[in-house]
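Colleague: So here's query19.txt (compact mmCIF, C-alpha atoms).
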# COMPACT_ATOMS: atom_id res chain seq x y z
CA MET A 762 -3.68 92.49 56.88
CA ARG A 763 -4.87 92.07 53.30
CA THR A 764 -6.85 94.31 50.99
CA VAL A 765 -8.09 94.16 47.41
CA GLY A 766 -5.77 97.05 46.69
CA GLY A 767 -2.92 95.05 48.12
CA ALA A 768 -3.72 92.23 45.73
CA LEU A 769 -3.67 94.58 42.75
CA ALA A 770 -0.39 96.03 43.93
CA ALA A 771 1.22 92.66 44.27
CA LEU A 772 0.06 91.57 40.81
CA SER A 773 1.30 94.79 39.25
CA PHE A 774 4.72 94.44 40.82
CA VAL A 775 5.29 90.73 40.55
CA GLY A 776 8.71 91.53 39.11
CA LEU A 777 9.83 92.36 42.65
CA ALA A 778 9.82 88.64 43.40
CA ALA A 779 13.56 88.50 42.87
CA LEU A 780 13.96 90.64 45.99
CA ALA A 781 11.95 88.31 48.23
CA GLY A 782 13.34 87.31 51.60
CA CYS A 783 11.48 84.01 51.43
CA SER A 784 12.21 82.52 48.04
CA GLY A 785 13.09 79.08 49.33
CA GLU A 786 13.78 77.03 52.45
CA GLY A 787 17.51 77.36 52.23
CA SER A 788 17.59 81.15 51.88
CA GLY A 789 17.34 83.80 54.56
CA ASP A 790 19.43 86.59 55.92
CA GLY A 791 21.93 86.99 58.69
CA VAL A 792 19.52 89.02 60.82
CA SER A 793 17.05 86.13 61.03
CA GLN A 794 19.79 83.65 61.74
CA ASN A 795 21.22 85.83 64.48
CA ALA A 796 17.81 86.17 66.10
CA SER A 797 17.34 82.42 65.96
CA ALA A 798 20.76 81.76 67.45
CA ALA A 799 20.11 84.15 70.29
CA ALA A 800 16.81 82.48 71.08
CA SER A 801 18.28 78.99 70.95
CA SER A 802 21.02 79.94 73.39
CA SER A 803 18.57 81.29 75.98
CA PRO A 804 18.21 79.17 79.11
CA SER A 805 14.99 77.19 79.50
CA PRO A 806 12.58 79.08 81.76
CA SER A 807 10.88 77.62 84.79
CA PRO A 808 7.24 78.17 85.74
CA SER A 809 6.63 81.03 88.15
CA PRO A 810 4.31 79.87 90.95
CA ALA A 811 3.96 83.43 92.24
CA SER A 812 2.41 84.76 89.03
CA GLY A 813 0.60 81.59 88.01
CA TRP A 814 1.94 82.03 84.46
CA ASN A 815 3.51 78.94 82.90
CA PRO A 816 6.27 79.97 80.45
CA LYS A 817 6.45 76.43 79.04
CA PRO A 818 2.98 75.66 77.61
CA GLY A 819 2.57 72.28 75.97
CA SER A 820 0.33 73.35 73.06
CA ILE A 821 -0.41 76.55 71.12
CA ALA A 822 -3.32 77.85 69.05
CA ALA A 823 -2.94 81.06 67.04
CA VAL A 824 -5.70 83.46 66.01
CA GLY A 825 -5.44 86.66 64.03
CA ASP A 826 -5.11 88.02 60.51
CA SER A 827 -2.76 87.77 57.53
CA ILE A 828 0.34 88.52 59.58
CA THR A 829 -0.14 85.27 61.47
CA ARG A 830 -0.86 83.49 58.16
CA GLY A 831 2.45 84.68 56.69
CA PHE A 832 0.70 86.41 53.79
CA ASP A 833 3.04 87.73 51.05
CA ALA A 834 6.09 86.44 52.93
CA CYS A 835 6.99 83.67 50.49
CA SER A 836 5.16 84.36 47.24
CA VAL A 837 2.85 86.95 45.81
CA LEU A 838 -0.80 86.97 46.93
CA ALA A 839 -0.54 83.82 49.02
CA ASP A 840 -0.58 82.77 52.65
CA CYS A 841 2.62 81.08 53.78
CA PRO A 842 1.76 79.55 57.17
CA GLU A 843 5.06 77.69 57.32
CA VAL A 844 6.77 81.00 58.10
CA SER A 845 4.15 82.20 60.59
CA TRP A 846 5.72 83.79 63.67
CA ALA A 847 3.28 81.84 65.85
CA THR A 848 3.04 78.30 64.49
CA GLY A 849 5.28 78.01 61.42
CA SER A 850 7.78 75.25 60.73
CA ASP A 851 10.42 77.27 58.85
CA SER A 852 13.86 76.66 60.36
CA LEU A 853 15.05 80.24 59.89
CA VAL A 854 11.97 81.88 61.39
CA ARG A 855 11.89 79.49 64.36
CA SER A 856 8.31 80.24 65.27
CA LEU A 857 7.01 80.57 68.78
CA ALA A 858 5.70 77.00 68.60
CA VAL A 859 9.10 75.67 67.53
CA ARG A 860 10.91 77.64 70.23
CA LEU A 861 8.55 76.50 72.98
CA LEU A 862 7.70 72.96 71.90
CA GLY A 863 10.54 71.90 69.63
CA PRO A 864 10.18 71.14 65.88
CA SER A 865 8.60 67.70 66.24
CA LYS A 866 6.01 68.54 68.89
CA ALA A 867 5.14 71.81 67.18
CA VAL A 868 3.72 69.85 64.24
CA ASP A 869 1.10 68.06 66.32
CA ARG A 870 0.63 70.50 69.18
CA SER A 871 0.08 73.84 67.42
CA TRP A 872 -2.81 75.12 65.31
CA ASN A 873 -3.25 78.23 63.18
CA HIS A 874 -6.82 79.56 62.97
CA ALA A 875 -5.90 83.05 61.73
CA VAL A 876 -7.60 84.31 58.55
CA SER A 877 -6.12 86.81 56.12
CA GLY A 878 -8.19 89.97 56.01
CA ALA A 879 -9.88 89.34 59.36
CA ARG A 880 -10.90 92.15 61.65
CA MET A 881 -11.68 92.07 65.36
CA ALA A 882 -15.35 91.30 64.65
CA GLN A 883 -14.23 87.90 63.29
CA LEU A 884 -12.13 87.01 66.34
CA PRO A 885 -14.91 85.35 68.39
CA GLU A 886 -15.35 82.75 65.65
CA GLN A 887 -11.62 82.06 65.55
CA MET A 888 -11.53 81.78 69.35
CA ALA A 889 -14.30 79.20 69.23
CA LEU A 890 -12.20 77.10 66.85
CA ALA A 891 -9.12 77.55 69.00
CA ALA A 892 -11.02 76.46 72.11
CA LYS A 893 -11.87 73.14 70.46
CA GLU A 894 -8.15 72.30 70.40
CA ARG A 895 -7.99 72.85 74.19
CA PRO A 896 -4.59 74.59 73.90
CA GLU A 897 -2.50 75.63 76.87
CA LEU A 898 -1.64 78.92 75.12
CA VAL A 899 -3.54 81.06 72.61
CA THR A 900 -1.74 83.84 70.73
CA VAL A 901 -3.71 86.85 69.49
CA MET A 902 -2.55 89.34 66.87
CA MET A 903 -5.49 91.31 65.53
CA GLY A 904 -6.43 94.90 64.81
CA ALA A 905 -4.39 96.20 61.88
CA ASN A 906 -7.25 95.60 59.44
CA ASP A 907 -9.60 97.54 61.70
CA ALA A 908 -7.43 100.63 61.16
CA CYS A 909 -6.37 99.89 57.58
CA ARG A 910 -9.49 100.85 55.67
CA ASP A 911 -10.18 102.86 52.55
CA SER A 912 -10.92 105.91 54.68
CA VAL A 913 -10.68 107.07 58.29
CA ARG A 914 -14.46 107.03 58.47
CA LEU A 915 -14.53 103.27 57.87
CA MET A 916 -12.18 102.36 60.72
CA THR A 917 -13.72 100.16 63.41
CA PRO A 918 -15.03 102.28 66.30
CA VAL A 919 -13.09 101.73 69.52
CA ALA A 920 -16.23 100.65 71.39
CA ASP A 921 -16.98 97.99 68.77
CA PHE A 922 -13.38 96.83 68.82
CA GLN A 923 -13.57 96.41 72.59
CA ALA A 924 -16.92 94.61 72.50
CA SER A 925 -15.59 92.11 69.96
CA PHE A 926 -12.41 91.45 71.92
CA GLU A 927 -14.35 90.95 75.15
CA ALA A 928 -16.70 88.57 73.33
CA SER A 929 -13.67 86.70 72.01
CA MET A 930 -12.28 86.21 75.49
CA ARG A 931 -15.65 84.98 76.74
CA GLN A 932 -15.82 82.57 73.81
CA LEU A 933 -12.42 81.13 74.71
CA ARG A 934 -13.17 80.92 78.42
CA ALA A 935 -16.37 79.00 77.75
CA GLY A 936 -14.25 76.19 76.30
CA VAL A 937 -10.89 76.45 78.06
CA PRO A 938 -11.19 78.51 81.27
CA LYS A 939 -7.51 78.25 82.19
CA ALA A 940 -5.80 78.55 78.81
CA GLN A 941 -3.14 81.25 78.80
CA VAL A 942 -3.53 84.07 76.30
CA TYR A 943 -0.72 86.13 74.80
CA VAL A 944 -1.90 89.34 73.12
CA SER A 945 0.33 91.19 70.66
CA SER A 946 -0.08 94.92 70.16
CA VAL A 947 -1.16 96.33 66.80
CA PRO A 948 1.87 97.41 64.71
CA ASP A 949 2.71 101.09 64.33
CA LEU A 950 1.25 101.89 60.90
CA LYS A 951 2.52 105.47 60.94
CA ARG A 952 6.08 104.27 61.41
CA LEU A 953 5.52 101.89 58.50
CA TRP A 954 4.51 104.89 56.37
CA SER A 955 7.51 106.96 57.47
CA THR A 956 9.87 104.08 56.61
CA GLY A 957 8.35 103.04 53.29
CA ARG A 958 7.79 106.52 51.89
CA LEU A 959 11.55 106.77 51.38
CA ASP A 960 11.36 103.95 48.81
CA GLU A 961 9.93 104.74 45.38
CA GLY A 962 8.90 101.12 44.77
CA ALA A 963 6.97 101.00 48.03
CA LYS A 964 5.08 104.18 47.17
CA ARG A 965 4.12 102.83 43.74
CA ILE A 966 2.74 99.69 45.35
CA TRP A 967 0.88 101.58 48.06
CA SER A 968 -0.68 103.90 45.47
CA LEU A 969 -2.73 100.97 44.18
CA GLY A 970 -4.72 100.72 47.39
CA ILE A 971 -2.89 99.19 50.38
CA CYS A 972 -4.11 100.58 53.72
CA ARG A 973 -5.38 103.79 52.16
CA SER A 974 -6.32 105.30 55.51
CA MET A 975 -2.59 105.56 56.33
CA LEU A 976 -0.60 104.96 53.15
CA ALA A 977 -2.54 106.81 50.45
CA GLU A 978 -0.66 109.72 48.82
CA ALA A 979 2.44 108.88 50.80
CA ASP A 980 4.31 112.07 49.84
CA ASP A 981 1.45 114.40 50.72
CA LEU A 982 2.44 116.39 53.81
CA GLY A 983 -0.45 118.82 53.64
CA PRO A 984 -2.73 119.48 56.63
CA ALA A 985 -5.48 117.08 55.50
CA ALA A 986 -3.07 114.20 54.90
CA VAL A 987 -1.29 114.80 58.21
CA ALA A 988 -4.62 114.88 60.05
CA ARG A 989 -5.70 111.64 58.35
CA ARG A 990 -2.53 109.82 59.37
CA ASP A 991 -2.74 111.20 62.90
CA ALA A 992 -6.31 109.93 63.17
CA VAL A 993 -5.21 106.42 62.18
CA GLN A 994 -2.32 106.57 64.63
CA GLU A 995 -4.65 107.64 67.44
CA ARG A 996 -7.02 104.79 66.61
CA VAL A 997 -4.22 102.22 66.69
CA VAL A 998 -3.07 103.57 70.06
CA ALA A 999 -6.66 103.32 71.31
CA TYR A 1000 -6.94 99.73 70.05
CA ASN A 1001 -3.77 98.83 71.93
CA GLY A 1002 -5.24 100.39 75.05
CA VAL A 1003 -8.26 98.13 74.69
CA LEU A 1004 -6.08 95.05 74.22
CA ARG A 1005 -4.06 95.97 77.31
CA ASP A 1006 -7.04 96.76 79.54
CA VAL A 1007 -9.20 93.80 78.59
CA CYS A 1008 -6.26 91.45 78.95
CA ALA A 1009 -5.45 92.89 82.39
CA LYS A 1010 -8.86 91.78 83.66
CA ASP A 1011 -8.07 88.12 82.90
CA ARG A 1012 -5.57 86.47 85.24
CA HIS A 1013 -4.42 84.09 82.50
CA CYS A 1014 -3.78 86.81 79.90
CA ARG A 1015 -0.50 88.60 79.12
CA TYR A 1016 -0.22 91.67 76.87
CA ASP A 1017 3.08 92.37 75.10
CA GLY A 1018 3.43 95.81 76.68
CA GLY A 1019 3.42 97.47 73.26
CA ALA A 1020 6.44 95.52 72.02
CA VAL A 1021 5.15 94.92 68.49
CA PHE A 1022 3.86 98.49 68.22
CA GLY A 1023 7.29 99.73 69.29
CA PHE A 1024 9.31 97.50 66.97
CA ARG A 1025 11.02 99.40 64.16
CA PHE A 1026 10.45 97.29 61.06
CA THR A 1027 12.94 98.02 58.29
CA GLY A 1028 12.69 97.29 54.57
CA ALA A 1029 14.40 93.92 55.09
CA GLN A 1030 11.60 92.91 57.45
CA LEU A 1031 8.77 93.83 55.07
CA SER A 1032 7.43 91.90 52.09
CA PRO A 1033 9.00 93.06 48.80
CA TRP A 1034 5.62 92.54 47.12
CA ASP A 1035 3.63 94.97 49.24
CA TRP A 1036 5.97 96.73 51.70
CA PHE A 1037 3.31 96.09 54.29
CA HIS A 1038 3.27 92.52 55.59
CA PRO A 1039 6.30 91.08 57.41
CA SER A 1040 8.85 89.20 55.34
CA ARG A 1041 10.39 85.98 56.60
CA ASP A 1042 12.86 88.09 58.59
CA GLY A 1043 10.00 90.17 59.98
CA GLN A 1044 8.20 87.00 61.03
CA ALA A 1045 11.34 85.85 62.85
CA ARG A 1046 11.43 89.13 64.76
CA LEU A 1047 7.80 88.73 65.81
CA ALA A 1048 8.55 85.19 67.00
CA GLU A 1049 11.49 86.47 69.01
CA ILE A 1050 9.40 89.19 70.67
CA ALA A 1051 6.66 86.73 71.60
CA TYR A 1052 9.08 84.12 72.95
CA ARG A 1053 10.86 86.69 75.08
CA ASN A 1054 7.64 88.01 76.60
CA ILE A 1055 5.99 84.65 77.14
CA THR A 1056 9.01 83.13 78.87
CA ALA A 1057 9.71 86.17 81.04
CA ALA A 1058 9.16 85.75 84.79
CA GLU A 1059 7.08 88.93 84.84
CA PRO A 1060 4.79 90.43 82.18
CA PRO A 1061 6.09 93.37 80.11
CA ALA A 1062 5.64 96.77 81.75
Write the structure described by the file as structure tokens, please.
Modeller:
Amino acid sequence: MRTVGGALAALSFVGLAALAGCSGEGSGDGVSQNASAAASSSPSPSPSPASGWNPKPGSIAAVGDSITRGFDACSVLADCPEVSWATGSDSLVRSLAVRLLGPSKAVDRSWNHAVSGARMAQLPEQMALAAKERPELVTVMMGANDACRDSVRLMTPVADFQASFEASMRQLRAGVPKAQVYVSSVPDLKRLWSTGRLDEGAKRIWSLGICRSMLAEADDLGPAAVARRDAVQERVVAYNGVLRDVCAKDRHCRYDGGAVFGFRFTGAQLSPWDWFHPSRDGQARLAEIAYRNITAAEPPA
């Protein structure tokens, strides 16, 4: 998720860099380390012949937007793919690729085709690139930018969102018919607003243009503002319904059951530069959620 307004906000508040959760390889917080330790102590899963789902894929390709690129997690206005929840190499995040493949294999057997700012309409192109790698697993995290627009009117219609996602799945299947697909739900943008509006710094940053459809005039609780935020929330819920239903039609696809949407991001898990993208700790939480769902014997309910 990345907007021009977000860029202006980050530039205007570059002084917040001292608060970053990703200022260097050796830093990090106890929450991330605890999540990593818990994941490392989990027993290795075994494939489930009954479901046909292999919880130990040998290669991973990631598609999506700025979340999967680690945007604003390490420095202002920059992608930081090394901390990506899906394919990053950072030792404190312990990405999905590192957890599934190990640090050495993750370098050569994982690929990140996500693009900051991308919306669902751009996913077919990313899927085509991912298919060329012939991965055993493709991770998808896309949709926040479709809801985060300058106005409610500009949000991607649900029908268009569905058509693009279905086209993306066809694009992948044309190249790798049996690749497994893990689909993350779109984050809860309204919960992000309700958390960040308690912080004066976050509201100053948001006022410069980040996700205006949800975050504009964060303290306005009037009927029009409430209706606007409710409309965005309803659209995100509808997008997640599309992701769930389209995925359910593909025997090699697994939806996260709304796990990312339901996760309660705190200030420590959000970028100090924009209070919008995940910080290094937030990326670690996303990696943990994905690992847990991918290695589970049964898909999330």
Colleague: Quick one, how far is CA of Met975 in chain A from CA of Gly878 in chain A?
Modeller: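 Separation of CA of Met975 in chain A and CA of Gly878 in chain A: 16.6 Å.
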Colleague: From the options A:Ala963, A:Leu890, A:Val993, A:Leu884, which residue's atoms come nearest to Asp980 in chain A, counting only C-alpha atoms?
Modeller: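 The shortest atom-to-atom distance to Asp980 in chain A comes from A:Ala963.
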Colleague: Which residues of range 891-991 of chain A come within 12 Å of range 842-859 of chain A, and what is each one's closest atom pair and distance in Å (one decimal), counting all atoms listed in the file, sorted by chain and residue number, as CSV?
Modeller:
residue,atom,partner,partner_atom,distance
A:Pro896,CA,A:Ala858,CA,11.8
A:Glu897,CA,A:Ala858,CA,11.7
A:Leu898,CA,A:Ala858,CA,10.0
A:Val899,CA,A:Ala847,CA,9.6
A:Thr900,CA,A:Ala847,CA,7.3
A:Val901,CA,A:Ala847,CA,9.3
A:Met902,CA,A:Ala847,CA,9.6
A:Tyr943,CA,A:Ala847,CA,10.7
A:Val944,CA,A:Ala847,CA,11.7
A:Ser945,CA,A:Ala847,CA,10.9
Colleague: What does the distance from CA of Asp911 in chain A to CA of Arg973 in chain A come to in Å, to one decimal?
Modeller: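 These atoms are spaced 4.9 Å apart.
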Colleague: Skipping near chain neighbours, those fewer than 5 positions away, what residues fall within 8 Å of Arg830 in chain A using only C-alpha atoms, listed as a list in words?
Modeller: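 Near Arg830 in chain A, the qualifying residues are Asp840, Cys841, Pro842, Ser845, Asn873, Ala875, Val876 and Ser877 of chain A.
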Colleague: Kindly indicate which residue among A:Gly936, A:Gly863, A:Gly957, A:Pro1033 lies nearest to Ala889 in chain A, using all atoms listed in the file for the distances.
Modeller: A:Gly936
Colleague: Could you tell me which of A:Met888, A:Leu953, A:Ala920, A:Leu915 comes closest to Ala935 in chain A if we count all atoms listed in the file?
Modeller: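 Checking each of A:Met888, A:Leu953, A:Ala920, A:Leu915 against Ala935 in chain A, counting all atoms listed in the file, the winner is A:Met888.
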Colleague: As an mmCIF file, in the coordinates of the input, could you write out range 831-842 of chain A once it has been completed with all heavy atoms?
Modeller:
data_model
loop_
_atom_site.group_PDB
_atom_site.id
_atom_site.type_symbol
_atom_site.label_atom_id
_atom_site.label_comp_id
_atom_site.auth_asym_id
_atom_site.auth_seq_id
_atom_site.Cartn_x
_atom_site.Cartn_y
_atom_site.Cartn_z
ATOM 1 N N GLY A 831 1.261 84.542 57.513
ATOM 2 C CA GLY A 831 2.450 84.680 56.690
ATOM 3 C C GLY A 831 2.169 85.169 55.286
ATOM 4 O O GLY A 831 2.933 84.885 54.348
ATOM 5 N N PHE A 832 1.095 85.946 55.122
ATOM 6 C CA PHE A 832 0.700 86.410 53.790
ATOM 7 C C PHE A 832 1.790 87.255 53.149
ATOM 8 O O PHE A 832 2.387 88.130 53.773
ATOM 9 C CB PHE A 832 -0.606 87.212 53.885
ATOM 10 C CG PHE A 832 -1.131 87.679 52.567
ATOM 11 C CD1 PHE A 832 -1.804 86.812 51.732
ATOM 12 C CD2 PHE A 832 -0.935 88.989 52.150
ATOM 13 C CE1 PHE A 832 -2.291 87.232 50.504
ATOM 14 C CE2 PHE A 832 -1.410 89.429 50.921
ATOM 15 C CZ PHE A 832 -2.089 88.549 50.088
ATOM 16 N N ASP A 833 2.052 87.004 51.858
ATOM 17 C CA ASP A 833 3.040 87.730 51.050
ATOM 18 C C ASP A 833 4.468 87.609 51.580
ATOM 19 O O ASP A 833 5.336 88.402 51.205
ATOM 20 C CB ASP A 833 2.657 89.209 50.926
ATOM 21 C CG ASP A 833 1.921 89.505 49.617
ATOM 22 O OD1 ASP A 833 1.660 88.566 48.855
ATOM 23 O OD2 ASP A 833 1.606 90.685 49.365
ATOM 24 N N ALA A 834 4.734 86.626 52.413
ATOM 25 C CA ALA A 834 6.090 86.440 52.930
ATOM 26 C C ALA A 834 6.926 85.534 52.039
ATOM 27 O O ALA A 834 8.154 85.634 52.026
ATOM 28 C CB ALA A 834 6.060 85.880 54.347
ATOM 29 N N CYS A 835 6.268 84.648 51.309
ATOM 30 C CA CYS A 835 6.990 83.670 50.490
ATOM 31 C C CYS A 835 6.727 83.813 48.998
ATOM 32 O O CYS A 835 7.607 83.567 48.186
ATOM 33 C CB CYS A 835 6.610 82.246 50.908
ATOM 34 S SG CYS A 835 6.980 81.851 52.620
ATOM 35 N N SER A 836 5.514 84.184 48.642
ATOM 36 C CA SER A 836 5.160 84.360 47.240
ATOM 37 C C SER A 836 4.006 85.347 47.156
ATOM 38 O O SER A 836 3.314 85.600 48.147
ATOM 39 C CB SER A 836 4.774 83.020 46.596
ATOM 40 O OG SER A 836 3.680 82.428 47.271
ATOM 41 N N VAL A 837 3.809 85.886 45.980
ATOM 42 C CA VAL A 837 2.850 86.950 45.810
ATOM 43 C C VAL A 837 1.406 86.455 45.992
ATOM 44 O O VAL A 837 1.020 85.388 45.508
ATOM 45 C CB VAL A 837 3.018 87.611 44.422
ATOM 46 C CG1 VAL A 837 2.721 86.648 43.285
ATOM 47 C CG2 VAL A 837 2.181 88.867 44.313
ATOM 48 N N LEU A 838 0.630 87.214 46.739
ATOM 49 C CA LEU A 838 -0.800 86.970 46.930
ATOM 50 C C LEU A 838 -1.110 85.612 47.529
ATOM 51 O O LEU A 838 -2.094 84.978 47.169
ATOM 52 C CB LEU A 838 -1.548 87.116 45.599
ATOM 53 C CG LEU A 838 -1.636 88.526 45.019
ATOM 54 C CD1 LEU A 838 -2.414 88.516 43.717
ATOM 55 C CD2 LEU A 838 -2.272 89.478 46.005
ATOM 56 N N ALA A 839 -0.299 85.137 48.437
ATOM 57 C CA ALA A 839 -0.540 83.820 49.020
ATOM 58 C C ALA A 839 -0.161 83.791 50.489
ATOM 59 O O ALA A 839 0.821 84.413 50.904
ATOM 60 C CB ALA A 839 0.251 82.756 48.258
ATOM 61 N N ASP A 840 -0.963 83.054 51.270
ATOM 62 C CA ASP A 840 -0.580 82.770 52.650
ATOM 63 C C ASP A 840 0.634 81.846 52.628
ATOM 64 O O ASP A 840 0.810 81.039 51.703
ATOM 65 C CB ASP A 840 -1.713 82.053 53.385
ATOM 66 C CG ASP A 840 -2.884 82.975 53.703
ATOM 67 O OD1 ASP A 840 -2.743 84.197 53.540
ATOM 68 O OD2 ASP A 840 -3.946 82.456 54.104
ATOM 69 N N CYS A 841 1.461 81.961 53.653
ATOM 70 C CA CYS A 841 2.620 81.080 53.780
ATOM 71 C C CYS A 841 2.732 80.695 55.259
ATOM 72 O O CYS A 841 3.628 81.154 55.972
ATOM 73 C CB CYS A 841 3.884 81.794 53.307
ATOM 74 S SG CYS A 841 5.351 80.732 53.209
ATOM 75 N N PRO A 842 1.798 79.867 55.744
ATOM 76 C CA PRO A 842 1.760 79.550 57.170
ATOM 77 C C PRO A 842 3.018 78.892 57.710
ATOM 78 O O PRO A 842 3.266 78.932 58.915
ATOM 79 C CB PRO A 842 0.539 78.634 57.304
ATOM 80 C CG PRO A 842 0.292 78.111 55.927
ATOM 81 C CD PRO A 842 0.714 79.195 55.001
#
